[in-house]
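Below: the structure, in structure tokens.
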Amino acid sequence: MTQSAINTSAQTARLSVYQLDHLAAHPLCAAKCAEYLSQEGSYDNVSSLLSSDPALGLAVINLCREKNITVDLENFDFSSLLEHFRRSELLKAILGLKVYDIENAPILSFISTLIHRSSTRAFAARLIAQKIESPNISQAFAAGLFADAGKFAIAQLYTKSMLILLEESKQKDIPVENLEREHLGITDNIASRTLMEKWQFGTSISEAVWLYQSPMNGLIDKLPNSDIIMIVQLAEALSNPDNKKDTQNLFERLSVTEADINDINEQIRAFSRRSDKLLGLEVENPQQTYFETTKRIYLNQLNARPSEDKFTEFAQKFIGAMSPQANLINILETAAKVIADCFVVQDICVFTPDPEQPKVLLSSVIKGCSARLQAVSCPQYFSLSQITKGHLQPWLFKQVGIDSDKSYFVPIENGSKTVGGIILAGVMPDKELLEKITAFLGRFFAICGKSEYEISIVELAVNCLSEAGVSKSEPAVMPELLPLREPVKKPETKSDIIQTAGELAAGIAHELNNPLAIISGRAQLLEQSETDETRKLVLNQILEKTGSIGEIVGELMSYARPPKPQIRGVSPFIVINNSLEKVRERYLSEPLEITLENIENLSDVKVDAEQVAESIAQIIYNALESYESGNGPVQIIGSEKTEEGTVEISIKDKGCGMNEETLRKATEPFFSDKSAGRQRGMGLSMAEAFLRNNRASLDIQSQIDKGTTVKVTLPVV
């Protein structure tokens, strides 16, 4: 199937929905579930909550899949799934969920209504399936629970828009679905189907959540699992007083008697009363309830094990995650991730000064499931030696996006010298544990802040653990690791040459950064105060050219030291569309002739989606530039190599093509057959570097005046 690669609101909304891995939770439901998990005893209340709240239920299903535990949708039961996990694993999964803003009363009210509706519909669907002795009882229950997944997703992604649509629907008496399509380009039932397909719930459940609001017709009757659709439709009609569906038709089709309906209605009313009490959403002060509950859970978890055991766990994970070529940025990133993984914290920032620029703090920030590296410029009065939480306010908290009122600051020291800091949002770990962690990190920061290391990672770990009071003889703490830096060997192969060139490029880029920043900064200051138009023009030219140099430096660094890939399963459809977004941003409103073929149905690939999307975008840039017009045509064709376990993406153009010499040098940095100033020649070299970083490959075939085909081979999940 061929389709035009155009950017429509429907495609954008669908992609946004498709990329959701979790549903955001109602904060009170998440807190209630976490409270039950933090107590000893049976999982009965936890199982009931998972069966009532789609976000909580999905969190446990996703945890099962992460641990390779089979989720049998034909015999679906949360109680049996919970038995596979320790309480601490389940607690971390629930507390790690994104939650809706506790202070946004309208959206919380809407989500509360959806949860009540989902739980009652799921209960009713199971009852109906049992009454008619359907073989699909578990699937009917799952379809009933997740039927509104699309509404939850739209409320999560487009919170303000959803509230506006609900208000307009109420005022004009127009179905919300009509307004969704008009304003967002997608309806919640389509979004539900998209999510069910992505989350591997199977065709029968996907079709049920898609069609449960549609009137019965001959087409639905022909579907293999039409009984599940009808069961969910009847469950919705019985559990939702506002539903105006003709239930008599459903009674007849499902052979449900009047006595059955009376019994089901009675049980639904009883369930609704129990559900209200279990969920506990009707409270006078939800904000206070949420924070008091989560605070108590955090404190209980912190006191669950001795600080010695927690520090040993931290040290094991930290050292085990170290790269042989670790630098200061790697240390920061690893420290933040391991602290977030080992301890129950909401947000965290770990920072230390840039050795080359003391007034710049290098920081690693983790908020929920997202992580980023950030350089923070300090005010002139800032002094690390006098650092306190009050000294940081408000500039650092604002830049890293952590609420200062709900966080703690702990300095990282090496001896008597402060070398960094940690900001924790949540409940702070005990003092003894923090002293061990900061002493441990202080040694790493002090040594890795130098330009060269004279100590191996193993020696450094032994010293740090010894200073922190942990015996170096503990075997689990000391994995076998290589030195931080190895001597550069004489290049013998192409990969050796690439590595050496990369180190050289990284060194050049590093040396250029400081003078470039100074030139740009001074030019900006002069431009702001300059009144002479001619001089302003000159200064603007300086800023423009330093910006171009900055781009070159960035490309050098990306080529020389690609960031560690964040590998996960992702649809090639998502990757390709992300690439096209990058292309459209560069070409703005220029008309581009790009077509896709056989992309939507490819198996998921195991890569860093952003790095591979950037690689493919660079290849598309090259393909477009092969034409004098600069706008194509370019074909992007997908195919699957089942025996090899790979997906192949071919980017084809019919442009000028390359001769043998150009083809041989095509992926070398700064090589270009274009005239000087038109291309920097980093596109294909960056693409190859990123793909190599993801265990993927790139192959180029080209002929003069006949065009070029670039094949990108990606590993399948």
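We name chains A, B, ... following the order of the structure tokens; residues begin at 1 in each chain, and ligands are numbered from 1 as shown.
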Could you build a table of the residues in region 89-143 of chain A lying no more than 7 Å from region 43-53 of chain A, giving for each the nearest pair of atoms and their separation in Å rounded to one decimal place, using only C-alpha atoms, ordered by chain and ascending residue number, as CSV?
```
residue,atom,partner,partner_atom,distance
A:Ile115,CA,A:Asp53,CA,5.6
A:Ser118,CA,A:Ser52,CA,6.7
A:Ser119,CA,A:Ser52,CA,4.1
```
Give me a file of those residues, with N, CA and C atoms, as a PDB file, in the first residue's frame.
```
ATOM      1  N   ILE A 115     -13.275   6.117  35.658  1.00  0.00           N
ATOM      2  CA  ILE A 115     -12.866   4.938  36.432  1.00  0.00           C
ATOM      3  C   ILE A 115     -14.096   4.191  36.946  1.00  0.00           C
ATOM      4  N   SER A 118     -15.639   2.470  33.984  1.00  0.00           N
ATOM      5  CA  SER A 118     -14.846   1.322  33.512  1.00  0.00           C
ATOM      6  C   SER A 118     -14.985   0.133  34.445  1.00  0.00           C
ATOM      7  N   SER A 119     -14.902   0.385  35.762  1.00  0.00           N
ATOM      8  CA  SER A 119     -14.966  -0.723  36.726  1.00  0.00           C
ATOM      9  C   SER A 119     -16.339  -1.390  36.693  1.00  0.00           C
TER      10      SER A 119
END
```
What lies within 9 Å of region 631-633 of chain A using only C-alpha atoms, ignoring chain neighbours under 3 positions off, as a list in words?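 Contacts, with the query itself left out: Glu590, Pro591, Leu592, Glu593, Ile594, Thr595, Ala623, Leu624, Glu625, Ser626, Tyr627, Glu628, Lys652, Asp653, Lys654 and Gly655 of chain A.
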Restricting it to N, CA and C atoms, dump the selection as a compact mmCIF listing (two decimals), in the first residue's frame.
```
# COMPACT_ATOMS: atom_id res chain seq x y z
N GLU A 590 8.22 24.00 1.97
CA GLU A 590 8.56 23.54 0.62
C GLU A 590 7.81 22.25 0.31
N PRO A 591 7.26 22.12 -0.90
CA PRO A 591 6.55 20.88 -1.25
C PRO A 591 7.55 19.74 -1.45
N LEU A 592 7.34 18.63 -0.77
CA LEU A 592 8.24 17.47 -0.88
C LEU A 592 7.46 16.27 -1.39
N GLU A 593 8.07 15.56 -2.30
CA GLU A 593 7.42 14.38 -2.87
C GLU A 593 8.04 13.13 -2.24
N ILE A 594 7.43 12.68 -1.15
CA ILE A 594 7.92 11.51 -0.43
C ILE A 594 6.75 10.54 -0.27
N THR A 595 6.98 9.27 -0.59
CA THR A 595 5.93 8.27 -0.43
C THR A 595 6.43 7.13 0.45
N ALA A 623 18.92 12.27 -0.07
CA ALA A 623 18.14 11.86 -1.24
C ALA A 623 17.49 13.06 -1.90
N LEU A 624 16.93 13.97 -1.10
CA LEU A 624 16.30 15.17 -1.66
C LEU A 624 17.32 16.07 -2.35
N GLU A 625 18.52 16.16 -1.77
CA GLU A 625 19.56 17.02 -2.34
C GLU A 625 20.14 16.45 -3.64
N SER A 626 19.82 15.20 -3.94
CA SER A 626 20.35 14.62 -5.18
C SER A 626 19.62 15.16 -6.41
N TYR A 627 18.51 15.89 -6.19
CA TYR A 627 17.77 16.51 -7.27
C TYR A 627 18.11 18.00 -7.33
N GLU A 628 18.11 18.54 -8.51
CA GLU A 628 18.33 19.98 -8.65
C GLU A 628 17.23 20.77 -7.96
N LYS A 652 14.91 5.34 -1.47
CA LYS A 652 15.30 5.36 -2.89
C LYS A 652 15.06 6.73 -3.51
N ASP A 653 16.03 7.17 -4.30
CA ASP A 653 15.83 8.37 -5.10
C ASP A 653 16.26 8.09 -6.54
N LYS A 654 15.86 8.97 -7.44
CA LYS A 654 16.27 8.85 -8.85
C LYS A 654 17.05 10.08 -9.26
N GLY A 655 17.88 10.55 -8.31
CA GLY A 655 18.64 11.77 -8.53
C GLY A 655 19.94 11.54 -9.27
```
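For the atom pair formed by CA of Lys131 (chain A) and CA of Ile229 (chain A), the distance is 15.7 Å, given to one decimal.
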Region 189-193 of chain A surroundings by only C-alpha atoms, 10 Å radius, close-in-sequence under 2 positions cut, as a PyMOL selection string: chain A and resi 13-18+146-154+177+186-187+195-199+201+203+205-214
Which is closer to Ala124 (chain A) than all the others in A:Val60, A:Ile261, A:Ala155, A:Val176, using only C-alpha atoms?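 Of A:Val60, A:Ile261, A:Ala155, A:Val176, the one nearest Ala124 (chain A) is A:Ile261, counting only C-alpha atoms.
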Do you know which residues are at most 12 Å from Ile616 (chain A) counting only C-alpha atoms, after dropping those on the same chain fewer than 4 positions away, and could you put them as a PyMOL selection string? chain A and resi 572+575-583+609-612+620-623+636+648-652+683-691+696-698+710-714
I'd like to know which of A:Ile366, A:Leu82, A:Val283, A:Ala335 is closest to Thr438 (chain A), using only C-alpha atoms.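 Among the listed residues, the smallest separation from Thr438 (chain A) belongs to A:Ala335.
With only C-alpha atoms as the atoms that count, the minimum distance from Phe311 (chain A) to the choices A:Asp21, A:Glu435, A:Glu544, A:Glu661 is reached by A:Glu435.
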Given only C-alpha atoms as the counted atoms, nearest of A:Pro358, A:Gly630, A:Gly657, A:Ser404 to Gln703 (chain A):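 Selected residue with least distance to Gln703 (chain A): A:Gly657.
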Do you know which residues are at most 12 Å from region 268-274 of chain A counting only C-alpha atoms, after dropping those on the same chain fewer than 5 positions away, and could you put them as a compact mmCIF listing (two decimals) with C-alpha atoms, in the first residue's frame?
```
# COMPACT_ATOMS: atom_id res chain seq x y z
CA ASN A 45 -7.85 -5.36 47.75
CA SER A 48 -9.91 -5.42 43.18
CA LEU A 49 -8.27 -2.06 42.49
CA SER A 52 -11.41 -1.29 38.67
CA ILE A 115 -12.87 4.94 36.43
CA HIS A 116 -16.30 4.30 37.98
CA ARG A 117 -17.70 3.68 34.51
CA SER A 118 -14.85 1.32 33.51
CA SER A 119 -14.97 -0.72 36.73
CA THR A 120 -18.76 -1.14 36.64
CA ARG A 121 -18.79 -1.98 32.92
CA ALA A 122 -16.05 -4.61 33.39
CA PHE A 123 -17.93 -6.17 36.31
CA ALA A 124 -21.18 -6.18 34.32
CA ALA A 125 -19.50 -7.67 31.24
CA ARG A 126 -18.14 -10.56 33.29
CA LEU A 127 -21.58 -11.18 34.83
CA ILE A 128 -23.34 -11.17 31.46
CA ALA A 235 -22.68 -3.95 30.03
CA GLU A 236 -22.29 -0.29 29.09
CA ALA A 237 -26.06 0.15 28.75
CA LEU A 238 -26.77 -1.43 32.15
CA SER A 239 -23.96 0.32 34.05
CA ASN A 240 -24.27 3.78 32.51
CA PRO A 241 -27.62 5.53 33.19
CA ILE A 261 -31.22 -8.72 33.85
CA ASN A 262 -32.85 -8.11 37.24
CA ASP A 263 -30.18 -10.18 38.96
CA LEU A 279 -11.54 3.48 45.35
CA GLY A 280 -12.04 6.22 47.94
```
